[in-house]
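Visitor: Next up is a structure, given as C-alpha cells.
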Amino acid sequence: MKKTEYETVQASLDAVEAKQDMVVAEIRGGWGIRQRLNQMGIHVGDVIQIRRCCSMGGPILVRIHGTEIALGRGMARRIQVIPAGGEA
C-alpha cells in the first residue's frame, strides 16, 4: 500500500502550537463537518496560521484567507495538518 506525502507528519489542528503556518492535509468526518468547514473557507490544501491556542481547552484562533476564525476543539480535532514548509 502506497503512502501519500501527507501521511507521514500529520497532526490534528488542536495539537499544534500557536504562531505556526500549517497546510490542511485532510478533513476527517462526515458530510456535515466538511460542509461547515467549507462554508468557513477551510479546504484541503489551504494554509492556516494558528494565532492563539488556549491551554485550558478553549477555542483555537486561526487565520485563513485573511480572516480570523475561532474553532472549537472538537472541530479542530477533525482537521489534519502538516507544516507549511513540509509540502512537496
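Every chain in the C-alpha cells takes a letter, A first, then B, and so on in the order presented; its residues are numbered from 1, and the ligands are numbered from 1 following the presented order.
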Among chain A, which residues carry a DSSP assignment of strand (DSSP E or B), reported as a compact mmCIF listing (two decimals) with N, CA, C and O atoms, in the first residue's frame?
Guide:
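The result, written out as states.txt:
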# COMPACT_ATOMS: atom_id res chain seq x y z
N ALA A 11 -0.82 15.91 11.89
CA ALA A 11 -1.24 16.11 13.28
C ALA A 11 -2.59 16.79 13.22
O ALA A 11 -2.93 17.44 12.23
N SER A 12 -3.37 16.64 14.27
CA SER A 12 -4.65 17.35 14.29
C SER A 12 -4.38 18.80 14.66
O SER A 12 -3.41 19.12 15.35
N GLN A 20 2.22 29.17 14.16
CA GLN A 20 2.76 28.30 13.12
C GLN A 20 1.86 28.33 11.90
O GLN A 20 0.64 28.46 12.02
N ASP A 21 2.47 28.20 10.72
CA ASP A 21 1.71 28.07 9.49
C ASP A 21 1.62 26.59 9.15
O ASP A 21 2.63 25.88 9.13
N MET A 22 0.40 26.14 8.89
CA MET A 22 0.15 24.73 8.59
C MET A 22 -0.69 24.64 7.32
O MET A 22 -1.41 25.57 6.97
N VAL A 23 -0.60 23.49 6.65
CA VAL A 23 -1.40 23.22 5.46
C VAL A 23 -2.42 22.15 5.81
O VAL A 23 -2.08 21.14 6.43
N VAL A 24 -3.67 22.36 5.42
CA VAL A 24 -4.73 21.38 5.67
C VAL A 24 -4.47 20.18 4.77
O VAL A 24 -4.47 20.29 3.55
N ALA A 25 -4.22 19.03 5.38
CA ALA A 25 -3.93 17.81 4.63
C ALA A 25 -5.18 16.96 4.44
O ALA A 25 -5.35 16.32 3.41
N GLU A 26 -6.07 16.97 5.43
CA GLU A 26 -7.24 16.09 5.39
C GLU A 26 -8.28 16.62 6.37
O GLU A 26 -7.95 17.20 7.39
N ILE A 27 -9.54 16.41 6.03
CA ILE A 27 -10.62 16.72 6.94
C ILE A 27 -11.33 15.41 7.24
O ILE A 27 -11.88 14.78 6.33
N VAL A 47 -3.58 27.07 3.47
CA VAL A 47 -2.62 27.37 4.53
C VAL A 47 -3.37 28.06 5.67
O VAL A 47 -4.10 29.02 5.45
N ILE A 48 -3.19 27.53 6.87
CA ILE A 48 -3.82 28.07 8.07
C ILE A 48 -2.71 28.55 9.00
O ILE A 48 -1.73 27.83 9.23
N GLN A 49 -2.87 29.73 9.55
CA GLN A 49 -1.93 30.22 10.56
C GLN A 49 -2.61 30.13 11.92
O GLN A 49 -3.69 30.69 12.11
N ILE A 50 -2.03 29.39 12.84
CA ILE A 50 -2.58 29.28 14.18
C ILE A 50 -2.17 30.53 14.94
O ILE A 50 -0.98 30.80 15.11
N ARG A 51 -3.14 31.31 15.37
CA ARG A 51 -2.87 32.58 16.04
C ARG A 51 -2.78 32.41 17.55
O ARG A 51 -1.89 32.93 18.18
N ARG A 52 -3.75 31.69 18.13
CA ARG A 52 -3.80 31.52 19.58
C ARG A 52 -4.44 30.20 19.93
O ARG A 52 -5.41 29.79 19.31
N CYS A 53 -3.90 29.55 20.94
CA CYS A 53 -4.46 28.32 21.48
C CYS A 53 -4.64 28.50 22.99
O CYS A 53 -3.74 29.01 23.65
N ILE A 60 -9.63 27.61 19.41
CA ILE A 60 -8.37 27.88 18.74
C ILE A 60 -8.64 28.98 17.71
O ILE A 60 -9.55 28.85 16.90
N LEU A 61 -7.84 30.04 17.76
CA LEU A 61 -8.00 31.14 16.82
C LEU A 61 -7.05 30.92 15.65
O LEU A 61 -5.83 30.78 15.84
N VAL A 62 -7.59 30.84 14.44
CA VAL A 62 -6.79 30.62 13.24
C VAL A 62 -7.04 31.75 12.25
O VAL A 62 -8.07 32.41 12.29
N ARG A 63 -6.08 31.95 11.37
CA ARG A 63 -6.21 32.93 10.30
C ARG A 63 -6.13 32.17 8.98
O ARG A 63 -5.18 31.44 8.74
N ILE A 64 -7.16 32.36 8.14
CA ILE A 64 -7.20 31.71 6.84
C ILE A 64 -7.81 32.68 5.84
O ILE A 64 -8.83 33.31 6.13
N THR A 67 -8.87 36.10 7.14
CA THR A 67 -9.93 36.19 8.14
C THR A 67 -9.57 35.35 9.34
O THR A 67 -9.08 34.24 9.20
N GLU A 68 -9.83 35.89 10.54
CA GLU A 68 -9.59 35.12 11.76
C GLU A 68 -10.87 34.42 12.18
O GLU A 68 -11.94 35.03 12.21
N ILE A 69 -10.75 33.14 12.48
CA ILE A 69 -11.89 32.29 12.84
C ILE A 69 -11.55 31.55 14.13
O ILE A 69 -10.44 31.05 14.28
N ALA A 70 -12.50 31.49 15.04
CA ALA A 70 -12.34 30.69 16.26
C ALA A 70 -12.97 29.33 16.02
O ALA A 70 -14.14 29.24 15.65
N LEU A 71 -12.19 28.28 16.21
CA LEU A 71 -12.68 26.91 16.04
C LEU A 71 -12.71 26.22 17.40
O LEU A 71 -11.75 26.31 18.17
N ILE A 79 -9.46 18.32 11.79
CA ILE A 79 -8.64 18.89 10.72
C ILE A 79 -7.21 18.40 10.89
O ILE A 79 -6.56 18.68 11.89
N GLN A 80 -6.74 17.64 9.92
CA GLN A 80 -5.36 17.12 9.94
C GLN A 80 -4.49 18.07 9.14
O GLN A 80 -4.84 18.47 8.02
N VAL A 81 -3.35 18.46 9.72
CA VAL A 81 -2.46 19.43 9.09
C VAL A 81 -1.04 18.93 9.04
O VAL A 81 -0.65 18.01 9.75
N ILE A 82 -0.26 19.56 8.14
CA ILE A 82 1.18 19.32 8.05
C ILE A 82 1.86 20.69 8.08
O ILE A 82 1.22 21.70 7.77
N PRO A 83 3.14 20.76 8.44
CA PRO A 83 3.84 22.05 8.43
C PRO A 83 3.85 22.64 7.02
O PRO A 83 3.98 21.92 6.02
Visitor: Could you write out, as a count of residues only, all the residues of segment 55-85 of chain A that DSSP marks as helix (DSSP H, G or I)?
Guide: 7
Visitor: Between atom CA of Ala84 of chain A and atom CA of Gly45 of chain A, what is the distance in Å, rounded to a tenth?
Guide: 9.9 Å
Visitor: Taking 2 positions as the minimum chain separation for residues in the same chain, which residues sit within 7 Å of Gly72 of chain A when counting only C-alpha atoms? Answer as a list in words.
Guide: Gly58, Pro59, Ile60, Ala70, Gly74, Met75 and Ala76 of chain A
Visitor: Nearest to Cys54 of chain A: which of A:Asn38, A:Gly85, A:Trp31, A:Ala18 is it, counting only C-alpha atoms?
Guide: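 Going through A:Asn38, A:Gly85, A:Trp31, A:Ala18 one by one, the smallest distance to Cys54 of chain A is for A:Ala18.
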